[in-house]
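Here's the structure we're looking at; comments come further down.
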Amino acid sequence: MAESGTRRIKLGLVGIGKIARDQHLPALAADGRFELAATASRHATLDGVPGYHDIGTMIAGGHDLDAVSLCTPPDGRYEQAITAIDAGLHVMLEKPPATTLTEIAALAARASAKGVVLFTTWHSREAAGVEPAKAWLQGKRIDAVRITWREDIRRWHPGQEWILAAGGFGVFDPGINALSIATKILPEPMLLKSAWMEVPEGRASPLAAELEMRSGNARVDVVFDFLQTGPQTWDIEIDTDAGTLRLGLGGSILQLPGGEEQKAPDREYPRLYARFAELVASGESDVDVRPLQIVADAFMMAERRVTAPFAF
Ligand code: NAP
């Protein structure tokens with residue numbers, strides 16, 4: 001919360017879609033360090049908040065903005081981020097932070113040259129079980145890792161055609177959340193050994209993929225599936241010399257060997273905005289591309305199989 005007398009961070013929110021409404025707006029409303037000063041979205045506005053068609057007109061709208069938070073799909077975010085950085089604004093990026101590694105490197109360099117903060121967010125790293133899992137793994141021998149991310153695209157991404165277009169990442173859009181957790185909690189880098197992906201005919205991005213990786217001496221098996229009906233699975237299991245650690249529900253449930261399930265309320269987006277406020281105060285950027293690197297590795301290495309056409 002802002003101390004009395006401290007200027008609040010005037011924020012422009014860009015891309016008023018599912019995640020902006022589900023998570024960003026409630027997190028911002030509950031954080032006294034931020035003032036939602038304006039929005040930019042081609043088709044959506046919010047009651048009581050000045051709304052613009054695009055980020056350029058929003059910045060020109062005279063709201064004395066300090067920062068923007070980009071909730072648009074990854075393709076197009078580079079241009080939006082450059083516009084904000086060149087206007088001297090701090091930038092917070094939804095995941096995946098960009099469509100290519102070169103885009104994010106260019107953004108980081110431009111933000112540094114302009115003296116503004118760039119924050120590549122990974123919301124799943126803020127899930128309740130992730131920090132304790134990382135702490136518990138310290139000093140243990142890791143023997144094997146199994147990552148299973150199976151969800152129903154029609155249920156969680158209804159009508160989001162962009163997700164199967166080029167630069168939309170397909171099943172790697174949710175899958176990168178698993179990779180963001182794994183790159184945070186595993187002590188060694190995850191090196192891709194082999195992979196396949198299934199791309200529906202007429203689409204550019206996959207609906208399913210499997211990756212075999214190594215992290216230190218541990219084999220890491222990854223299964224991503226976007227056509228899972230029935231029970232939905234976002235699990236990571238890690239076999240160690242002290243037993244198997246289980247992270248369930250996208251990192252929000254932690255089970256240690258012999259222990260009860262540990263759960264805590266979802267604080268992912270409040271924690272992201274708290275971190276952004278700290279970064280703005282300190283002037284430091286936080287740019288971590290490791291999850292995106294693994295996706296890029298998979299797109300470079302995977303055997304591609306064309307499957308039946310897909311319609312939402
Ligand atoms: P979404 O519902 O499609 O919303 C994105 C919004 O961005 C759209 O409503 C659209 O609003 C705007 N937009 C600007 N350019 C666009 C374009 N070329 N194509 C489509 N929309 C465009 O998507 P979302 O689920 O909120 O996801 C946005 C980002 O958040 C993605 O990177 C995703 O990975 C991430 N995310 C999503 C979730 C989730 O559960 N959905 C969870 C965590 C993170 P206008 O048409 O008004 O411009």
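To be explicit about the labels: the chains of the structure tokens are called A, B, and onward in the order shown, and within each one the residues are counted from 1, while ligands get numbers from 1 in the order they are shown.
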Region 32-43 of chain A environment, 9 Å, only C-alpha atoms, sequence neighbours closer than 3 positions dropped, as JSON, numbers by chain: {"A": [1, 2, 3, 6, 7, 8, 9, 10, 11, 12, 13, 14, 15, 16, 17, 25, 28, 29, 46, 49, 50, 51, 52, 53, 54, 55, 56, 57, 58, 59, 61, 63, 64, 65, 72, 273, 274, 277]}
Restrict the selected residues to N, CA, C and O atoms and save them as a short mmCIF file (atom, residue, chain, number, x, y, z; two decimals), in the first residue's frame.
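out_6.cif, freshly written:
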```cif
data_model
loop_
_atom_site.label_atom_id
_atom_site.label_comp_id
_atom_site.auth_asym_id
_atom_site.auth_seq_id
_atom_site.Cartn_x
_atom_site.Cartn_y
_atom_site.Cartn_z
N MET A 1 0.83 -1.20 0.00
CA MET A 1 0.00 0.00 0.00
C MET A 1 0.87 1.26 0.00
O MET A 1 1.92 1.27 0.63
N ALA A 2 0.41 2.28 -0.71
CA ALA A 2 1.18 3.51 -0.76
C ALA A 2 1.14 4.20 0.60
O ALA A 2 0.11 4.21 1.28
N GLU A 3 2.29 4.73 1.04
CA GLU A 3 2.28 5.51 2.26
C GLU A 3 1.64 6.84 1.94
O GLU A 3 1.69 7.32 0.82
N THR A 6 2.87 9.51 -0.73
CA THR A 6 3.59 8.91 -1.84
C THR A 6 2.72 8.97 -3.09
O THR A 6 1.55 8.62 -3.04
N ARG A 7 3.32 9.39 -4.20
CA ARG A 7 2.54 9.46 -5.43
C ARG A 7 2.23 8.07 -5.93
O ARG A 7 3.11 7.20 -5.96
N ARG A 8 0.98 7.85 -6.29
CA ARG A 8 0.63 6.54 -6.82
C ARG A 8 1.15 6.40 -8.26
O ARG A 8 1.33 7.40 -8.96
N ILE A 9 1.39 5.17 -8.67
CA ILE A 9 1.86 4.90 -10.02
C ILE A 9 0.66 4.97 -10.95
O ILE A 9 -0.28 4.18 -10.82
N LYS A 10 0.68 5.95 -11.85
CA LYS A 10 -0.43 6.09 -12.80
C LYS A 10 -0.23 5.09 -13.93
O LYS A 10 0.75 5.19 -14.68
N LEU A 11 -1.16 4.17 -14.04
CA LEU A 11 -0.96 3.04 -14.94
C LEU A 11 -1.98 3.04 -16.08
O LEU A 11 -3.17 3.30 -15.86
N GLY A 12 -1.49 2.70 -17.27
CA GLY A 12 -2.38 2.46 -18.40
C GLY A 12 -2.43 0.96 -18.67
O GLY A 12 -1.39 0.30 -18.76
N LEU A 13 -3.65 0.42 -18.77
CA LEU A 13 -3.81 -1.03 -18.99
C LEU A 13 -4.18 -1.25 -20.46
O LEU A 13 -5.12 -0.63 -20.96
N VAL A 14 -3.45 -2.15 -21.11
CA VAL A 14 -3.60 -2.32 -22.56
C VAL A 14 -4.07 -3.73 -22.87
O VAL A 14 -3.43 -4.71 -22.45
N GLY A 15 -5.20 -3.84 -23.63
CA GLY A 15 -5.74 -5.14 -24.00
C GLY A 15 -6.74 -5.63 -22.96
O GLY A 15 -6.41 -6.44 -22.10
N ILE A 16 -7.96 -5.11 -23.03
CA ILE A 16 -8.97 -5.46 -22.01
C ILE A 16 -9.68 -6.73 -22.47
O ILE A 16 -10.74 -6.69 -23.12
N GLY A 17 -9.06 -7.87 -22.17
CA GLY A 17 -9.64 -9.17 -22.51
C GLY A 17 -9.79 -10.00 -21.25
O GLY A 17 -9.98 -9.47 -20.15
N LEU A 25 -7.45 -6.33 -13.22
CA LEU A 25 -8.31 -5.30 -12.63
C LEU A 25 -8.51 -5.51 -11.13
O LEU A 25 -8.34 -4.56 -10.35
N LEU A 28 -5.20 -4.63 -9.34
CA LEU A 28 -4.94 -3.19 -9.32
C LEU A 28 -5.87 -2.48 -8.34
O LEU A 28 -5.45 -1.58 -7.61
N ALA A 29 -7.14 -2.91 -8.31
CA ALA A 29 -8.11 -2.25 -7.43
C ALA A 29 -7.72 -2.43 -5.96
O ALA A 29 -8.04 -1.58 -5.12
N LEU A 46 -13.77 0.50 -19.93
CA LEU A 46 -14.22 0.25 -18.56
C LEU A 46 -14.97 1.46 -18.05
O LEU A 46 -14.54 2.60 -18.29
N VAL A 49 -13.26 4.86 -16.51
CA VAL A 49 -11.83 4.97 -16.82
C VAL A 49 -11.71 5.45 -18.27
O VAL A 49 -12.31 4.84 -19.16
N PRO A 50 -10.94 6.53 -18.52
CA PRO A 50 -10.80 6.98 -19.90
C PRO A 50 -10.26 5.86 -20.78
O PRO A 50 -9.25 5.22 -20.42
N GLY A 51 -10.92 5.62 -21.91
CA GLY A 51 -10.53 4.51 -22.77
C GLY A 51 -10.11 4.98 -24.15
O GLY A 51 -10.70 5.92 -24.70
N TYR A 52 -9.11 4.34 -24.71
CA TYR A 52 -8.57 4.69 -26.02
C TYR A 52 -8.49 3.45 -26.89
O TYR A 52 -8.46 2.32 -26.38
N HIS A 53 -8.39 3.68 -28.20
CA HIS A 53 -8.33 2.57 -29.15
C HIS A 53 -6.99 1.84 -29.10
O HIS A 53 -6.91 0.63 -29.25
N ASP A 54 -5.91 2.62 -28.88
CA ASP A 54 -4.58 2.00 -28.92
C ASP A 54 -3.66 2.74 -27.95
O ASP A 54 -4.00 3.80 -27.42
N ILE A 55 -2.49 2.16 -27.77
CA ILE A 55 -1.57 2.66 -26.75
C ILE A 55 -1.06 4.07 -27.09
O ILE A 55 -0.86 4.90 -26.20
N GLY A 56 -0.86 4.34 -28.39
CA GLY A 56 -0.35 5.65 -28.77
C GLY A 56 -1.32 6.77 -28.39
O GLY A 56 -0.91 7.78 -27.81
N THR A 57 -2.60 6.57 -28.71
CA THR A 57 -3.57 7.62 -28.38
C THR A 57 -3.77 7.68 -26.86
O THR A 57 -4.01 8.75 -26.31
N MET A 58 -3.63 6.55 -26.18
CA MET A 58 -3.74 6.57 -24.71
C MET A 58 -2.62 7.42 -24.10
O MET A 58 -2.87 8.27 -23.23
N ILE A 59 -1.41 7.23 -24.58
CA ILE A 59 -0.28 7.99 -24.03
C ILE A 59 -0.43 9.48 -24.36
O ILE A 59 -0.14 10.35 -23.53
N GLY A 61 -3.08 10.99 -24.53
CA GLY A 61 -4.34 11.49 -23.95
C GLY A 61 -4.18 12.41 -22.75
O GLY A 61 -5.19 12.89 -22.21
N HIS A 63 -2.72 11.85 -19.54
CA HIS A 63 -3.01 11.33 -18.19
C HIS A 63 -1.77 11.25 -17.31
O HIS A 63 -1.83 10.67 -16.23
N ASP A 64 -0.66 11.78 -17.80
CA ASP A 64 0.55 11.82 -16.98
C ASP A 64 0.93 10.41 -16.50
O ASP A 64 1.27 10.20 -15.33
N LEU A 65 0.87 9.46 -17.42
CA LEU A 65 1.11 8.06 -17.05
C LEU A 65 2.56 7.84 -16.62
O LEU A 65 3.48 8.48 -17.14
N THR A 72 -2.32 -7.78 -23.86
CA THR A 72 -2.68 -8.19 -25.21
C THR A 72 -2.03 -9.55 -25.51
O THR A 72 -1.18 -10.01 -24.75
N TYR A 273 1.94 -7.36 -9.14
CA TYR A 273 1.87 -5.89 -9.08
C TYR A 273 2.71 -5.35 -7.92
O TYR A 273 3.30 -4.27 -8.03
N ALA A 274 2.78 -6.10 -6.82
CA ALA A 274 3.65 -5.67 -5.71
C ALA A 274 5.11 -5.62 -6.19
O ALA A 274 5.85 -4.68 -5.90
N ALA A 277 5.64 -2.61 -8.46
CA ALA A 277 5.78 -1.36 -7.68
C ALA A 277 7.19 -1.26 -7.10
O ALA A 277 7.79 -0.19 -7.11
#
```
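Backbone DSSP of region 42-117 of chain A yields strand (DSSP E or B) at Leu46, Val49, Gly51, Tyr52, Ala67, Val68, Ser69, Leu70, His90, Val91, Met92 and Leu93 of chain A.
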Output of the above residues as a short mmCIF file (atom, residue, chain, number, x, y, z; two decimals), in the first residue's frame, restricted to N, CA and C atoms:
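again-v9.cif was written with the following content:
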```
data_model
loop_
_atom_site.label_atom_id
_atom_site.label_comp_id
_atom_site.auth_asym_id
_atom_site.auth_seq_id
_atom_site.Cartn_x
_atom_site.Cartn_y
_atom_site.Cartn_z
N LEU A 46 -13.77 0.50 -19.93
CA LEU A 46 -14.22 0.25 -18.56
C LEU A 46 -14.97 1.46 -18.05
N VAL A 49 -13.26 4.86 -16.51
CA VAL A 49 -11.83 4.97 -16.82
C VAL A 49 -11.71 5.45 -18.27
N GLY A 51 -10.92 5.62 -21.91
CA GLY A 51 -10.53 4.51 -22.77
C GLY A 51 -10.11 4.98 -24.15
N TYR A 52 -9.11 4.34 -24.71
CA TYR A 52 -8.57 4.69 -26.02
C TYR A 52 -8.49 3.45 -26.89
N ALA A 67 3.40 4.31 -16.15
CA ALA A 67 3.67 2.90 -16.51
C ALA A 67 2.51 2.35 -17.32
N VAL A 68 2.80 1.27 -18.04
CA VAL A 68 1.73 0.52 -18.70
C VAL A 68 1.89 -0.96 -18.36
N SER A 69 0.76 -1.64 -18.42
CA SER A 69 0.76 -3.10 -18.25
C SER A 69 0.08 -3.66 -19.49
N LEU A 70 0.79 -4.55 -20.19
CA LEU A 70 0.30 -5.04 -21.48
C LEU A 70 -0.33 -6.42 -21.31
N HIS A 90 7.41 2.97 -17.70
CA HIS A 90 7.78 1.62 -17.25
C HIS A 90 6.78 0.62 -17.85
N VAL A 91 7.27 -0.61 -18.10
CA VAL A 91 6.44 -1.58 -18.84
C VAL A 91 6.41 -2.92 -18.12
N MET A 92 5.19 -3.41 -17.91
CA MET A 92 4.98 -4.76 -17.38
C MET A 92 4.33 -5.59 -18.48
N LEU A 93 4.91 -6.77 -18.74
CA LEU A 93 4.45 -7.61 -19.85
C LEU A 93 3.78 -8.87 -19.33
#
```
Test item: residues no farther than 9 Å from ligand 1, counting only C-alpha atoms and all ligand atoms, as an MDAnalysis selection string: chainID A and resid 14:23 40:45 53:54 70:77 93:98 122:124 156:163 168:169 173:174 176:177
Gap from CA of Leu101 (chain A) to CA of Ala182 (chain A) - Å, one decimal: 18.9 Å
For Glu188 (chain A), please output as a PDB file with N, CA, C and O atoms, in the first residue's frame all residues within 12 Å (counting only C-alpha atoms; exclusion window: fewer than 5 positions along the same chain).
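Final file, result11.pdb:
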```pdb
ATOM      1  N   LEU A 137      13.695 -28.234  -2.380  1.00  0.00           N
ATOM      2  CA  LEU A 137      14.576 -28.954  -3.319  1.00  0.00           C
ATOM      3  C   LEU A 137      16.065 -28.652  -3.099  1.00  0.00           C
ATOM      4  O   LEU A 137      16.920 -29.426  -3.532  1.00  0.00           O
ATOM      5  N   GLN A 138      16.337 -27.552  -2.409  1.00  0.00           N
ATOM      6  CA  GLN A 138      17.741 -27.149  -2.226  1.00  0.00           C
ATOM      7  C   GLN A 138      18.540 -28.267  -1.589  1.00  0.00           C
ATOM      8  O   GLN A 138      18.152 -28.811  -0.550  1.00  0.00           O
ATOM      9  N   ARG A 141      19.144 -34.435  -4.252  1.00  0.00           N
ATOM     10  CA  ARG A 141      19.487 -34.975  -5.573  1.00  0.00           C
ATOM     11  C   ARG A 141      18.193 -35.134  -6.362  1.00  0.00           C
ATOM     12  O   ARG A 141      17.251 -35.765  -5.883  1.00  0.00           O
ATOM     13  N   ILE A 142      18.154 -34.558  -7.544  1.00  0.00           N
ATOM     14  CA  ILE A 142      16.937 -34.651  -8.366  1.00  0.00           C
ATOM     15  C   ILE A 142      17.144 -35.762  -9.385  1.00  0.00           C
ATOM     16  O   ILE A 142      18.100 -35.740 -10.164  1.00  0.00           O
ATOM     17  N   ALA A 182       9.256 -24.544 -13.579  1.00  0.00           N
ATOM     18  CA  ALA A 182      10.394 -25.479 -13.566  1.00  0.00           C
ATOM     19  C   ALA A 182      11.727 -24.733 -13.627  1.00  0.00           C
ATOM     20  O   ALA A 182      12.683 -25.094 -12.922  1.00  0.00           O
ATOM     21  N   THR A 183      11.799 -23.693 -14.457  1.00  0.00           N
ATOM     22  CA  THR A 183      13.063 -22.946 -14.537  1.00  0.00           C
ATOM     23  C   THR A 183      13.346 -22.190 -13.242  1.00  0.00           C
ATOM     24  O   THR A 183      14.487 -21.847 -12.962  1.00  0.00           O
ATOM     25  N   MET A 213      13.707 -33.655 -21.893  1.00  0.00           N
ATOM     26  CA  MET A 213      14.819 -32.768 -21.557  1.00  0.00           C
ATOM     27  C   MET A 213      15.690 -33.403 -20.483  1.00  0.00           C
ATOM     28  O   MET A 213      15.341 -34.436 -19.909  1.00  0.00           O
ATOM     29  N   ARG A 214      16.807 -32.739 -20.198  1.00  0.00           N
ATOM     30  CA  ARG A 214      17.639 -33.115 -19.046  1.00  0.00           C
ATOM     31  C   ARG A 214      17.898 -31.869 -18.228  1.00  0.00           C
ATOM     32  O   ARG A 214      18.058 -30.774 -18.766  1.00  0.00           O
ATOM     33  N   SER A 215      17.918 -32.063 -16.912  1.00  0.00           N
ATOM     34  CA  SER A 215      18.306 -30.984 -16.007  1.00  0.00           C
ATOM     35  C   SER A 215      19.317 -31.599 -15.049  1.00  0.00           C
ATOM     36  O   SER A 215      18.951 -32.431 -14.217  1.00  0.00           O
ATOM     37  N   GLY A 216      20.585 -31.253 -15.217  1.00  0.00           N
ATOM     38  CA  GLY A 216      21.608 -31.980 -14.480  1.00  0.00           C
ATOM     39  C   GLY A 216      21.573 -33.439 -14.906  1.00  0.00           C
ATOM     40  O   GLY A 216      21.580 -33.747 -16.099  1.00  0.00           O
ATOM     41  N   ASN A 217      21.466 -34.349 -13.928  1.00  0.00           N
ATOM     42  CA  ASN A 217      21.385 -35.780 -14.252  1.00  0.00           C
ATOM     43  C   ASN A 217      19.952 -36.269 -14.369  1.00  0.00           C
ATOM     44  O   ASN A 217      19.728 -37.459 -14.603  1.00  0.00           O
ATOM     45  N   ALA A 218      18.995 -35.383 -14.174  1.00  0.00           N
ATOM     46  CA  ALA A 218      17.592 -35.811 -14.159  1.00  0.00           C
ATOM     47  C   ALA A 218      16.987 -35.748 -15.550  1.00  0.00           C
ATOM     48  O   ALA A 218      17.217 -34.794 -16.306  1.00  0.00           O
ATOM     49  N   ARG A 219      16.196 -36.785 -15.865  1.00  0.00           N
ATOM     50  CA  ARG A 219      15.396 -36.731 -17.082  1.00  0.00           C
ATOM     51  C   ARG A 219      14.131 -35.917 -16.784  1.00  0.00           C
ATOM     52  O   ARG A 219      13.517 -36.078 -15.727  1.00  0.00           O
ATOM     53  N   VAL A 220      13.758 -35.056 -17.719  1.00  0.00           N
ATOM     54  CA  VAL A 220      12.559 -34.234 -17.558  1.00  0.00           C
ATOM     55  C   VAL A 220      11.609 -34.561 -18.708  1.00  0.00           C
ATOM     56  O   VAL A 220      11.959 -34.363 -19.877  1.00  0.00           O
ATOM     57  N   ARG A 290      14.130 -17.390 -19.688  1.00  0.00           N
ATOM     58  CA  ARG A 290      14.392 -18.837 -19.742  1.00  0.00           C
ATOM     59  C   ARG A 290      13.177 -19.665 -20.197  1.00  0.00           C
ATOM     60  O   ARG A 290      13.342 -20.584 -21.014  1.00  0.00           O
TER      61      ARG A 290
END
```
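In terms of minimum interatomic distance to Ala109 (chain A), A:Val287 ranks closest within A:Val280, A:Val287, A:Ile236, A:Val222, counting only C-alpha atoms.
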